[in-house]
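K.L.:
Got final.cif for you, mmCIF, C-alpha atoms and all ligand atoms:
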```cif
data_final
#
loop_
_atom_site.label_atom_id
_atom_site.label_comp_id
_atom_site.auth_asym_id
_atom_site.auth_seq_id
_atom_site.Cartn_x
_atom_site.Cartn_y
_atom_site.Cartn_z
CA MET A 257 0.00 0.00 0.00
CA SER A 258 1.42 3.42 -0.93
CA PHE A 259 1.88 6.15 1.64
CA TYR A 260 -0.99 8.16 0.11
CA GLU A 261 -3.38 5.22 0.22
CA PHE A 262 -2.33 4.57 3.80
CA ARG A 263 -2.94 8.19 4.74
CA LYS A 264 -6.32 8.20 2.98
CA ARG A 265 -7.35 5.14 4.93
CA ILE A 266 -6.32 6.70 8.21
CA MET A 267 -8.31 9.86 7.42
CA GLU A 268 -11.37 7.79 6.49
CA GLU A 269 -11.12 5.78 9.69
CA LYS A 270 -10.74 8.96 11.70
CA ALA A 271 -13.79 10.57 10.06
CA LYS A 272 -15.81 7.41 10.72
CA ARG A 273 -14.80 7.35 14.35
CA GLU A 274 -15.54 11.06 14.83
CA LYS A 275 -18.98 10.64 13.25
CA GLN A 276 -19.75 7.74 15.57
CA GLU A 277 -18.53 9.66 18.62
CA LYS A 278 -20.65 12.68 17.67
CA LYS A 279 -23.71 10.46 17.39
CA THR A 280 -23.25 9.05 20.88
CA ARG A 281 -22.49 12.49 22.28
CA THR A 282 -25.70 14.04 21.04
CA LYS A 283 -27.65 11.30 22.77
CA VAL A 284 -26.54 12.24 26.26
CA THR A 285 -27.93 15.32 27.88
CA THR A 286 -25.66 18.10 29.05
CA GLN A 287 -26.11 17.03 32.61
CA GLN A 288 -25.20 13.45 31.83
CA GLU A 289 -22.28 14.64 29.78
CA SER A 290 -20.71 16.40 32.75
CA MET A 291 -20.97 13.08 34.61
CA VAL A 292 -18.88 11.31 31.99
CA GLY A 293 -15.58 13.01 32.75
CA ARG A 294 -14.64 15.26 35.60
CA ASN A 295 -16.64 18.39 36.05
CA LYS A 296 -14.62 19.96 38.85
CA PHE A 297 -11.28 21.58 38.29
CA SER A 298 -8.97 23.87 40.21
CA VAL A 299 -7.01 26.68 38.62
CA ALA A 300 -4.16 28.59 40.27
CA LEU A 301 -3.69 32.24 39.36
CA LEU A 302 -0.16 33.48 39.78
CA GLY A 303 1.79 36.65 39.10
CA LEU A 304 3.57 39.41 41.01
CA GLU A 305 1.49 41.75 43.13
CA ARG A 306 -0.67 44.15 41.07
CA ALA A 307 -0.47 41.91 37.97
CA GLY A 308 -4.29 41.81 37.93
CA LYS A 309 -5.17 38.32 39.23
CA THR A 310 -8.05 39.40 41.45
CA SER A 311 -9.33 41.73 38.75
CA LEU A 312 -9.39 38.83 36.29
CA VAL A 313 -11.37 36.62 38.67
CA LYS A 314 -13.79 39.44 39.43
CA LYS A 315 -14.27 39.96 35.70
CA LEU A 316 -15.11 36.28 35.22
CA LEU A 317 -17.49 36.38 38.18
CA LYS A 318 -19.04 39.57 36.83
CA GLN A 319 -18.24 41.35 40.08
CA GLU A 320 -16.47 44.29 38.47
CA ASP A 321 -18.20 46.78 40.75
CA ILE A 322 -16.29 45.45 43.77
CA VAL A 323 -13.15 47.50 44.47
CA VAL A 324 -10.12 45.22 44.29
CA ARG A 325 -7.63 45.31 47.11
CA PRO A 326 -4.26 43.55 47.38
CA THR A 327 -4.86 39.90 48.21
CA TYR A 328 -3.63 38.78 51.61
CA GLY A 329 -2.93 35.09 51.45
CA VAL A 330 -5.33 33.49 49.02
CA ASN A 331 -8.93 34.01 47.89
CA LEU A 332 -10.77 30.85 46.96
CA GLU A 333 -13.49 31.59 44.43
CA ASN A 334 -15.94 29.15 42.92
CA TYR A 335 -16.76 29.78 39.31
CA GLN A 336 -19.26 27.90 37.15
CA TYR A 337 -18.74 27.93 33.43
CA ARG A 338 -19.91 25.68 30.58
CA ASP A 339 -21.52 23.31 33.03
CA LEU A 340 -18.25 22.88 34.89
CA ASN A 341 -17.16 23.97 38.35
CA PHE A 342 -13.87 25.68 38.93
CA THR A 343 -12.14 26.60 42.14
CA CYS A 344 -9.87 29.54 41.47
CA PHE A 345 -6.89 29.91 43.78
CA ASP A 346 -6.40 33.67 43.54
CA LEU A 347 -3.04 33.92 45.26
CA GLY A 348 -1.54 37.04 46.78
CA GLY A 349 1.44 38.11 44.69
CA HIS A 350 3.48 39.79 47.42
CA GLN A 351 6.68 37.95 48.17
CA PRO A 352 5.75 36.61 51.62
CA PHE A 353 2.72 34.89 50.05
CA ARG A 354 4.79 33.55 47.16
CA LEU A 355 7.18 31.97 49.64
CA SER A 356 4.62 30.63 52.07
CA LEU A 357 1.65 29.66 49.89
CA TRP A 358 2.25 29.35 46.20
CA LYS A 359 3.94 25.96 46.04
CA LYS A 360 1.16 24.26 48.01
CA PHE A 361 -1.57 25.59 45.72
CA ILE A 362 0.29 25.14 42.44
CA GLU A 363 0.86 21.49 43.22
CA ARG A 364 -2.88 20.98 43.70
CA ALA A 365 -4.03 22.91 40.64
CA ASP A 366 -5.27 21.27 37.43
CA ALA A 367 -4.26 24.34 35.45
CA VAL A 368 -2.02 27.32 36.06
CA ILE A 369 -2.59 30.86 34.81
CA TYR A 370 0.33 33.23 35.13
CA LEU A 371 -0.28 36.96 34.73
CA VAL A 372 2.26 39.61 33.96
CA ASP A 373 1.58 43.34 33.95
CA SER A 374 2.64 43.89 30.35
CA ALA A 375 3.11 47.61 30.94
CA ASP A 376 5.42 47.23 33.93
CA HIS A 377 8.69 46.60 32.05
CA VAL A 378 10.79 47.38 35.12
CA ARG A 379 9.62 44.20 36.83
CA PHE A 380 9.83 41.87 33.83
CA ASP A 381 13.02 40.21 35.07
CA GLU A 382 11.61 39.57 38.52
CA SER A 383 8.40 38.27 36.99
CA LYS A 384 10.33 35.98 34.62
CA GLN A 385 12.37 34.49 37.46
CA THR A 386 9.25 33.98 39.51
CA PHE A 387 7.45 32.31 36.62
CA TRP A 388 10.20 29.82 35.82
CA HIS A 389 10.81 29.03 39.47
CA TYR A 390 7.21 28.26 40.39
CA ILE A 391 6.12 26.57 37.20
CA ASN A 392 8.30 23.63 38.22
CA PHE A 393 5.80 22.82 40.95
CA ALA A 394 2.84 22.46 38.57
CA LYS A 395 1.43 19.01 37.87
CA GLN A 396 3.17 17.47 34.91
CA ASN A 397 0.17 17.64 32.58
CA ALA A 398 -1.37 20.83 33.92
CA PRO A 399 -1.91 23.32 31.12
CA VAL A 400 -0.13 26.62 31.60
CA LEU A 401 -1.61 29.83 30.28
CA PHE A 402 0.60 32.91 30.26
CA LEU A 403 -1.39 36.13 30.20
CA ALA A 404 -0.01 39.49 29.17
CA ASN A 405 -2.45 41.59 31.18
CA LYS A 406 -3.21 45.32 31.08
CA SER A 407 -3.10 45.28 27.29
CA ASP A 408 -5.35 48.36 27.39
CA LEU A 409 -2.42 50.49 28.57
CA SER A 410 -0.37 52.24 25.87
CA LYS A 411 2.93 51.18 27.46
CA SER A 412 1.99 47.48 27.27
CA LYS A 413 4.40 45.30 25.31
CA GLU A 414 3.43 43.15 22.35
CA LEU A 415 3.11 39.37 22.74
CA SER A 416 6.18 38.71 20.59
CA GLU A 417 8.35 40.88 22.88
CA ILE A 418 6.96 39.25 25.99
CA ASN A 419 7.43 35.81 24.50
CA GLU A 420 11.07 36.62 23.82
CA HIS A 421 11.78 38.29 27.15
CA PHE A 422 10.26 35.46 29.17
CA GLU A 423 11.82 32.79 26.89
CA LEU A 424 8.47 31.12 26.48
CA ASP A 425 9.63 29.23 23.40
CA LYS A 426 11.06 26.73 25.83
CA PHE A 427 7.54 25.33 26.02
CA LEU A 428 7.80 24.18 22.41
CA ARG A 429 10.04 21.38 23.62
CA ASN A 430 7.66 20.56 26.45
CA LEU A 431 4.74 18.14 26.32
CA ARG A 432 2.70 20.39 28.58
CA PRO A 433 -0.15 22.30 26.88
CA PHE A 434 0.94 25.93 26.83
CA ASN A 435 -0.44 29.15 25.45
CA ILE A 436 0.19 32.87 25.69
CA LYS A 437 -2.54 35.46 25.29
CA LYS A 438 -3.06 39.18 25.58
CA VAL A 439 -5.85 40.30 27.92
CA SER A 440 -7.19 43.22 29.85
CA ALA A 441 -8.82 42.27 33.14
CA LEU A 442 -10.08 45.86 33.27
CA THR A 443 -11.92 46.02 29.96
CA GLY A 444 -12.46 42.27 29.72
CA GLN A 445 -10.80 42.05 26.33
CA GLY A 446 -9.55 38.53 25.61
CA VAL A 447 -10.58 37.25 29.06
CA TYR A 448 -13.16 34.72 27.90
CA GLU A 449 -11.09 33.51 24.95
CA ALA A 450 -8.28 32.88 27.43
CA TRP A 451 -10.50 31.03 29.86
CA ASP A 452 -12.00 29.00 27.02
CA TRP A 453 -8.57 27.75 26.08
CA VAL A 454 -8.01 26.47 29.62
CA VAL A 455 -11.42 24.81 29.69
CA ASP A 456 -10.95 23.20 26.28
CA VAL A 457 -7.64 21.75 27.32
CA LEU A 458 -8.97 20.52 30.66
CA CYS A 459 -12.04 18.88 29.10
CA GLY A 460 -10.07 17.51 26.20
CA ALA A 461 -7.53 16.08 28.59
CA ALA A 462 -10.32 14.41 30.54
CA GLN A 463 -11.71 12.83 27.37
CA TRP A 464 -8.43 11.98 25.74
CA LYS A 465 -8.16 8.28 25.21
CA VAL A 466 -5.47 6.24 23.62
CA LYS A 467 -5.77 2.56 22.92
CA ILE A 468 -2.53 0.82 23.75
CA GLY A 469 -2.05 -2.50 21.94
CA ALA A 470 1.14 -3.69 23.59
CA ALA A 471 4.00 -2.45 25.74
CA VAL A 472 7.62 -3.41 26.37
CA LEU A 473 9.90 -2.26 29.18
CA THR A 474 13.68 -2.59 28.92
CA ASP A 475 16.75 -1.46 30.83
CA ILE A 476 19.25 0.90 29.20
CA SER A 477 21.06 -1.95 27.47
CA GLY A 478 17.85 -3.15 25.82
CA ASN A 479 17.29 -6.18 28.06
CA ILE A 480 13.58 -6.84 28.37
CA ILE A 481 12.28 -6.50 31.93
CA SER A 482 8.58 -6.82 31.26
CA GLU A 483 6.08 -6.99 28.38
CA ALA A 484 2.30 -6.99 27.90
CA ILE A 485 -0.28 -7.35 25.15
CA PHE A 486 -3.64 -5.67 25.72
CA GLY A 487 -7.08 -5.96 24.20
CA ASN A 488 -9.63 -8.74 23.71
CA PRO A 489 -8.34 -12.21 22.78
CA ASN A 490 -9.24 -11.89 19.04
CA GLU A 491 -7.33 -8.67 18.75
CA GLN A 492 -4.44 -10.07 20.74
CA ALA A 493 -3.85 -12.68 18.05
CA THR A 494 -3.43 -9.94 15.43
CA VAL A 495 -1.24 -7.85 17.69
CA ALA A 496 0.95 -10.85 18.47
CA ASN A 497 2.32 -10.79 14.91
CA ASP A 498 3.59 -7.26 15.40
CA PHE A 499 4.72 -7.91 18.95
CA LYS A 500 7.97 -9.63 18.00
CA LYS A 501 8.88 -6.67 15.84
CA LEU A 502 7.94 -4.25 18.62
CA LYS A 503 10.42 -5.94 20.93
CA GLU A 504 13.19 -5.64 18.34
CA LEU A 505 12.43 -1.96 17.78
CA THR A 506 12.42 -1.33 21.53
CA LYS A 507 15.82 -2.97 21.96
CA MET A 508 17.22 -0.91 19.08
CA PHE A 509 15.80 2.28 20.55
CA ALA A 510 17.26 1.48 23.98
CA VAL A 511 20.74 1.14 22.51
CA GLU A 512 20.30 4.31 20.44
CA ALA A 513 19.12 6.34 23.46
CA LYS A 514 21.64 4.84 25.89
CA GLU A 515 23.54 8.09 26.51
CA SER A 516 20.54 10.38 26.96
CA ILE A 517 18.61 11.00 30.17
CA GLN A 518 15.36 11.47 28.33
CA SER A 519 14.55 10.62 24.75
CA ILE A 520 11.34 10.24 22.73
CA LYS A 521 10.89 8.64 19.32
CA LEU A 522 7.94 7.74 17.15
CA GLU A 523 8.04 5.22 14.32
CA ASN A 524 5.66 3.22 12.14
CA LEU A 525 5.17 -0.48 12.51
CA PHE A 526 2.89 -1.83 9.79
CA LYS A 527 -0.46 -0.15 10.51
CA LYS A 528 0.49 0.94 14.01
CA HIS A 529 2.52 3.65 15.66
CA VAL A 530 5.28 2.77 18.06
CA SER A 531 6.11 5.36 20.64
CA HIS A 532 9.40 4.92 22.49
CA VAL A 533 10.26 6.85 25.62
CA LYS A 534 13.49 6.59 27.54
CA ARG A 535 13.83 8.22 30.93
CA GLY A 536 16.52 7.51 33.49
CA ALA A 537 17.34 3.83 33.66
CA TYR A 538 14.46 2.47 31.57
CA CYS A 539 12.88 2.51 28.12
CA LEU A 540 9.18 1.97 27.66
CA SER A 541 7.70 1.42 24.20
CA VAL A 542 4.03 1.15 23.34
CA MET A 543 2.10 0.27 20.22
CA ILE A 544 -0.89 2.51 19.47
CA ASP A 545 -3.39 3.18 16.70
CA PRO A 546 -2.13 5.89 14.35
CA ILE A 547 -5.40 7.80 14.81
CA ASP A 548 -4.85 8.09 18.58
CA PRO A 549 -3.08 11.07 20.16
CA VAL A 550 0.63 10.39 20.28
CA THR A 551 1.37 13.05 22.88
CA ARG A 552 -1.07 11.40 25.25
CA ALA A 553 0.67 8.05 24.85
CA GLN A 554 4.02 9.72 25.49
CA GLN A 555 2.69 11.41 28.60
CA ILE A 556 1.45 8.08 29.91
CA GLN A 557 4.83 6.50 29.21
CA LEU A 558 6.68 9.34 30.92
CA ARG A 559 4.41 9.14 33.93
CA ILE A 560 4.97 5.42 34.28
CA LEU A 561 8.75 5.82 34.02
CA GLU A 562 8.70 8.62 36.58
CA ASN A 563 6.67 6.39 38.82
CA PHE A 564 9.41 3.73 38.50
CA SER A 565 12.10 6.16 39.54
CA ARG A 566 10.07 7.15 42.60
CA ASN A 567 9.09 3.56 43.48
CA PRO A 568 11.77 1.17 42.18
CA ALA A 569 9.79 -1.84 43.44
CA GLU A 570 7.10 -1.09 40.80
CA VAL A 571 9.55 -2.09 38.04
CA ASN A 572 9.17 -5.72 39.02
CA ARG A 573 5.39 -5.61 38.86
CA ASN A 574 3.58 -7.05 35.85
CA LEU A 575 3.59 -4.33 33.18
CA GLY A 576 -0.03 -4.99 32.27
CA GLU A 577 -1.07 -4.40 35.89
CA VAL A 578 0.95 -1.19 36.03
CA PHE A 579 -0.88 0.18 33.00
CA GLU A 580 -4.27 -0.97 34.16
CA SER A 581 -3.90 0.39 37.66
CA LYS A 582 -2.59 3.74 36.50
CA PHE A 583 -4.58 4.28 33.30
CA PRO A 584 -7.67 2.05 33.29
CA LEU A 585 -9.47 4.35 30.86
CA GLU A 586 -6.88 4.27 28.18
CA VAL A 587 -6.28 0.55 28.04
CA GLU A 588 -9.16 -1.43 26.65
CA GLY A 589 -9.81 -4.99 27.65
CA GLY A 590 -7.64 -7.11 29.90
CA THR A 591 -4.08 -8.23 29.66
CA ARG A 592 -2.74 -11.58 28.81
N1 LIG B 601 -5.33 49.36 33.22
C1 LIG B 601 -5.50 48.17 33.77
N2 LIG B 601 -5.45 48.04 35.10
C2 LIG B 601 -5.63 46.81 35.63
C3 LIG B 601 -5.88 45.67 34.84
N3 LIG B 601 -5.99 44.60 35.63
C4 LIG B 601 -5.83 45.06 36.89
N4 LIG B 601 -5.62 46.38 36.90
C5 LIG B 601 -5.39 47.23 38.05
O1 LIG B 601 -4.19 46.81 38.68
C6 LIG B 601 -4.29 46.94 40.10
C7 LIG B 601 -3.95 45.62 40.77
O2 LIG B 601 -4.96 44.67 40.43
P1 LIG B 601 -5.25 43.37 41.29
O3 LIG B 601 -6.28 42.60 40.58
O4 LIG B 601 -5.50 43.71 42.70
O5 LIG B 601 -3.82 42.65 41.19
P2 LIG B 601 -3.39 41.28 41.90
O6 LIG B 601 -2.51 40.60 40.93
O7 LIG B 601 -4.55 40.56 42.39
O8 LIG B 601 -2.49 41.82 43.10
P3 LIG B 601 -2.18 41.05 44.50
O9 LIG B 601 -3.47 40.60 45.07
O10 LIG B 601 -1.51 42.07 45.35
O11 LIG B 601 -1.26 39.94 44.18
C8 LIG B 601 -5.71 47.42 40.38
O12 LIG B 601 -5.67 48.83 40.56
C9 LIG B 601 -6.47 47.06 39.12
O13 LIG B 601 -7.56 47.92 38.87
C10 LIG B 601 -5.92 45.85 33.41
O14 LIG B 601 -6.11 44.94 32.60
N5 LIG B 601 -5.73 47.14 32.94
MG MG B 602 -5.15 39.92 44.25
#
```
Please lay out the structure from this file as structure tokens.
Ligand SMILES: Nc1nc2c(ncn2[C@@H]2O[C@H](COP(=O)(O)OP(=O)(O)OP(=O)(O)O)[C@@H](O)[C@H]2O)c(=O)[nH]1
Ligand SMILES: [Mg+2]
P.N.:
Amino acid sequence: MSFYEFRKRIMEEKAKREKQEKKTRTKVTTQQESMVGRNKFSVALLGLERAGKTSLVKKLLKQEDIVVRPTYGVNLENYQYRDLNFTCFDLGGHQPFRLSLWKKFIERADAVIYLVDSADHVRFDESKQTFWHYINFAKQNAPVLFLANKSDLSKSKELSEINEHFELDKFLRNLRPFNIKKVSALTGQGVYEAWDWVVDVLCGAAQWKVKIGAAVLTDISGNIISEAIFGNPNEQATVANDFKKLKELTKMFAVEAKESIQSIKLENLFKKHVSHVKRGAYCLSVMIDPIDPVTRAQQIQLRILENFSRNPAEVNRNLGEVFESKFPLEVEGGTR
């Protein structure tokens, strides 16, 4: 089969699947829909004092008439939007609060919004340092939205300048969903578009599924530690033919990536994708459908490998059980 035919088939399959999903979606009511995934999320708002965090929350809550005062500690605000419930951690930006509170709340948040006063150039360096320091505490998959606030002021910098100053291109090499937007918490410009992005990512993340056909775990020299084939028995027979090849590819990848601390590679194996991830002392490869989201598979792999480095005893557990206990939604059927 030529590459073009292959691609056409993938597109057709994808369209078919989307059509089917749409059909099932329209059947459930909005209320039922919110029961399917999570409908409660927490969002941490960060930024130096006077960046406009409280003003942004007040804008969302339509409480603009309330005079904003510097936040002492943290304000917890509940916000309902698109049939979802959000708890906003509106954190005080003064340094004592950064030191005493931020880490604790960032670690708990499902998404992080960082605001910078885009007209206060004098404090850009301090804001940049603060951003890069605290973002390390965010959950690995938590989307990060960087907001250039106070865009209504004439002194405010353009997004391209802010992007460069804060070195936000670093996120291009990161698996984490990231975005930068220009807003004005005062006029409300861009506020809802920004919030929509966070919500889309959070809901999408909750619905993201990837069907993993098989997995192989090796040490850095390519010695197989554990392996698993997933799916129902009929499918397993088909997968078994590719499984031998998967093991070879995994061994080759392990040798290739031996010197690196972290390495990611995607390759084709007949009609499947093989995603290889090496982190620390182990390589984990999985076989997935080409129509499934690759980044999601890679995130799962990374999370499992990180789990191994935190709990070395887990390495000796059955790989199928590890997947099923950590990601029951993504893996269909039982293991063999
Ligand atoms: N022009 C303009 N002023 C803004 C905007 N957003 C906030 N402000 C003003 O900036 C000042 C600080 O806003 P806050 O919302 O209290 O800032 P904060 O980040 O919550 O500050 P802390 O609670 O001290 O961390 C207030 O006087 C706001 O009216 C904006 O988009 N444009
Ligand atoms: Mg505040």
K.L.:
Name the residues, by chain letter and number, that sit within 6 Å of ligand LIG 601 (chain B) using all atoms listed in the file, and give them as a VMD selection string.
P.N.:
chain A and resid 304 to 311 324 to 327 348 to 350 405 to 406 408 to 409 440 to 442
K.L.:
Write out as a list of chain:residue names each polymer residue whose atoms come within 12 Å of A:Glu449, counting all atoms listed in the file; drop sequence neighbours fewer than 2 positions from it.
P.N.:
A:Leu316, A:Leu401, A:Leu403, A:Asn435, A:Ile436, A:Lys437, A:Lys438, A:Val439, A:Ser440, A:Gly444, A:Gln445, A:Gly446, A:Val447, A:Trp451, A:Asp452, A:Trp453, A:Val454, A:Val455, A:Asp456
K.L.:
Taking (1.2, 50.1, 31.2) in the file's own coordinates, collect the residues within 6 Å, counting all atoms listed in the file, and hand them back as a count of residues only.
P.N.:
6
K.L.:
Please indicate the distance in Å from atom CA of A:Leu575 to atom CA of A:Leu540, rounded to one decimal place.
P.N.:
10.1 Å
K.L.:
Which residues are near stretch 494-508 of chain A? Cut-off 12 Å, only C-alpha atoms, ignore same chain within fewer than 5 positions. Put them as a ChimeraX atom specification.
P.N.:
/A:468-489,513-514,520-534,538-545,592
K.L.:
Rounded to one decimal in Å, what is the spacing between atom CA of A:Tyr390 and atom CA of A:Gln557?
P.N.:
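Going from atom CA of A:Tyr390 over to atom CA of A:Gln557, I get 24.6 Å.
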K.L.:
When distances are computed from only C-alpha atoms and all ligand atoms, which of A:Thr343, A:Gly536, A:Gln336, A:Leu371 shows the smallest separation from ligand MG 602 (chain B)?
P.N.:
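Closest residue, counting only C-alpha atoms and all ligand atoms: A:Leu371.
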K.L.:
Let me make sure I understand: among A:His421, A:Lys359, A:Lys272, A:Lys314, which one has the smallest atom-to-atom distance to ligand MG 602 (chain B) if we use all atoms listed in the file?
P.N.:
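The closest residue to ligand MG 602 (chain B) is A:Lys314.
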K.L.:
Find the residues near stretch 364-367 of chain A: any atom within 7 Å, counting only C-alpha atoms, skip ones fewer than 5 places away on the same chain, and give them as a PyMOL selection string.
P.N.:
chain A and resi 297-300+398-400
K.L.:
For stretch 420-439 of chain A, I'd like the enclosing box, axis-aligned and padded by 5 Å on every side, reported as JSON with centre and edge lengths in Å to one decimal.
P.N.:
```
{"center_x": 3.0, "center_y": 29.2, "center_z": 25.8, "size_x": 27.7, "size_y": 32.2, "size_z": 16.8}
```
K.L.:
Please report the interatomic distance between atom CA of A:Asn397 and atom CA of A:Phe422 in Å with one decimal.
P.N.:
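So the two atoms, atom CA of A:Asn397 and atom CA of A:Phe422, lie 20.8 Å apart.
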